Amino acid sequence: MEFAQIGEMIGLASSAAGATGKAADTIQTIKGLFQSGSEPDTDQAAKLLNALATELTAANMMNVEVSTALKALSQELYKQDEFEKEKGRYELYRTRQNDMVFKLKTDQSNGQPDHFICPVCLNRDKLVSFIVGEGDYKICQTDRSHHFKFDYTPMQF
Ligand SMILES: [Zn+2]
């Protein structure tokens with residue numbers, strides 16, 4: 001979770017609130033103009049109404065921006081949560097050849113067959129990528145340069 005992102009959001013939210021506050025001030029000024037008892041200055045009233053329209057548009061645009069940003073943030077948090085849950089189904093596993101990979105926990109299989117996943121993809125890209133293969137090495141399905149030694153079969157002469 002990016003904390004800078006939250007800071008940015010709070011800044012945006014205050015700006016939106018500030019813009020609304022400014023519009024509220026303009027509304028008060030316009031009201032005052034019509035409550036003074038005398039004939040209101042229509043030229044000034046027109047200018048103020050125009051300013052109010054602009055302020056409300058600005059506030060509205062900022063609200064849309066804030067709401068979009070909040071939705072994005074909420075989705076980001078949801079994604080993060082889903083990833084943490086998924087990651088929690090795996091445990092670190094040392095192969096017979098001392099390579100480190102992640103292995104599905106037996107009590108977390110949810111009916112899936114036993115399998116291993118790539119620690120590079122998991123930690124760097126937050127991606128669950130299977131590692132497969134039948135020989136001494138298993139290879140990551142996402143990046144073939146991620147290979148892990150599981151066994152050692154001596155050459156037969
Ligand atoms: Zn990988």
# chains A, B, ... in the order shown; residues from 1 in each chain; ligands from 1
>>> residues_near_ligand(ligand="ligand 1", cutoff="7 Å", atoms="only C-alpha atoms and all ligand atoms", output="list of chain:residue names")
A:Cys118, A:Pro119, A:Val120, A:Cys121, A:Ser129, A:Cys140, A:Gln141, A:Thr142, A:Asp143, A:His146
>>> residues_around(residues="range 52-60 of chain A", least_positions_apart="5", cutoff="10 Å", atoms="only C-alpha atoms", output="list in words")
Ser15, Ala16, Ala17, Gly18, Ala19, Thr20, Gly21, Lys22, Ala23, Ala24, Asp25, Thr26, Ile27, Ile30, Ala46, Lys47, Glu65 and Val66 of chain A
>>> atom_distance(atom1="CA of Gln108 in chain A", atom2="CA of Arg89 in chain A")
5.5 Å
>>> atom_distance(atom1="CA of Ser145 in chain A", atom2="CA of Glu84 in chain A")
25.1 Å
>>> atom_distance(atom1="CA of Ile117 in chain A", atom2="CA of Val101 in chain A")
6.5 Å
>>> closest_residue(among="A:Thr29, A:Gln75, A:Gln112, A:Gln35", to="Ala51 in chain A", atoms="only C-alpha atoms")
A:Thr29
>>> select_by_dssp(residues="chain A", states="strand (DSSP E)", output="ChimeraX atom specification")
/A:90-94,100-104,116-117,130-132,137-140,147-149
>>> closest_residue(among="A:Glu86, A:Asp114, A:Asp125, A:Asp99", to="Asp151 in chain A", atoms="only C-alpha atoms")
A:Asp99
>>> select_by_dssp(residues="chain A", states="helix (DSSP H, G or I)", output="VMD selection string")
chain A and resid 3 to 35 42 to 87 106 to 108 119 to 125
>>> residues_around(residues="His115 in chain A", least_positions_apart="4", cutoff="10 Å", atoms="only C-alpha atoms", output="list in words")
Tyr90, Phe102, Lys103, Leu104, Lys105, Thr106, Ser109, Phe130, Ile131 and Val132 of chain A
>>> closest_residue(among="A:Gln28, A:Thr153, A:Ser74, A:Asn50", to="Arg96 in chain A", atoms="only C-alpha atoms")
A:Thr153
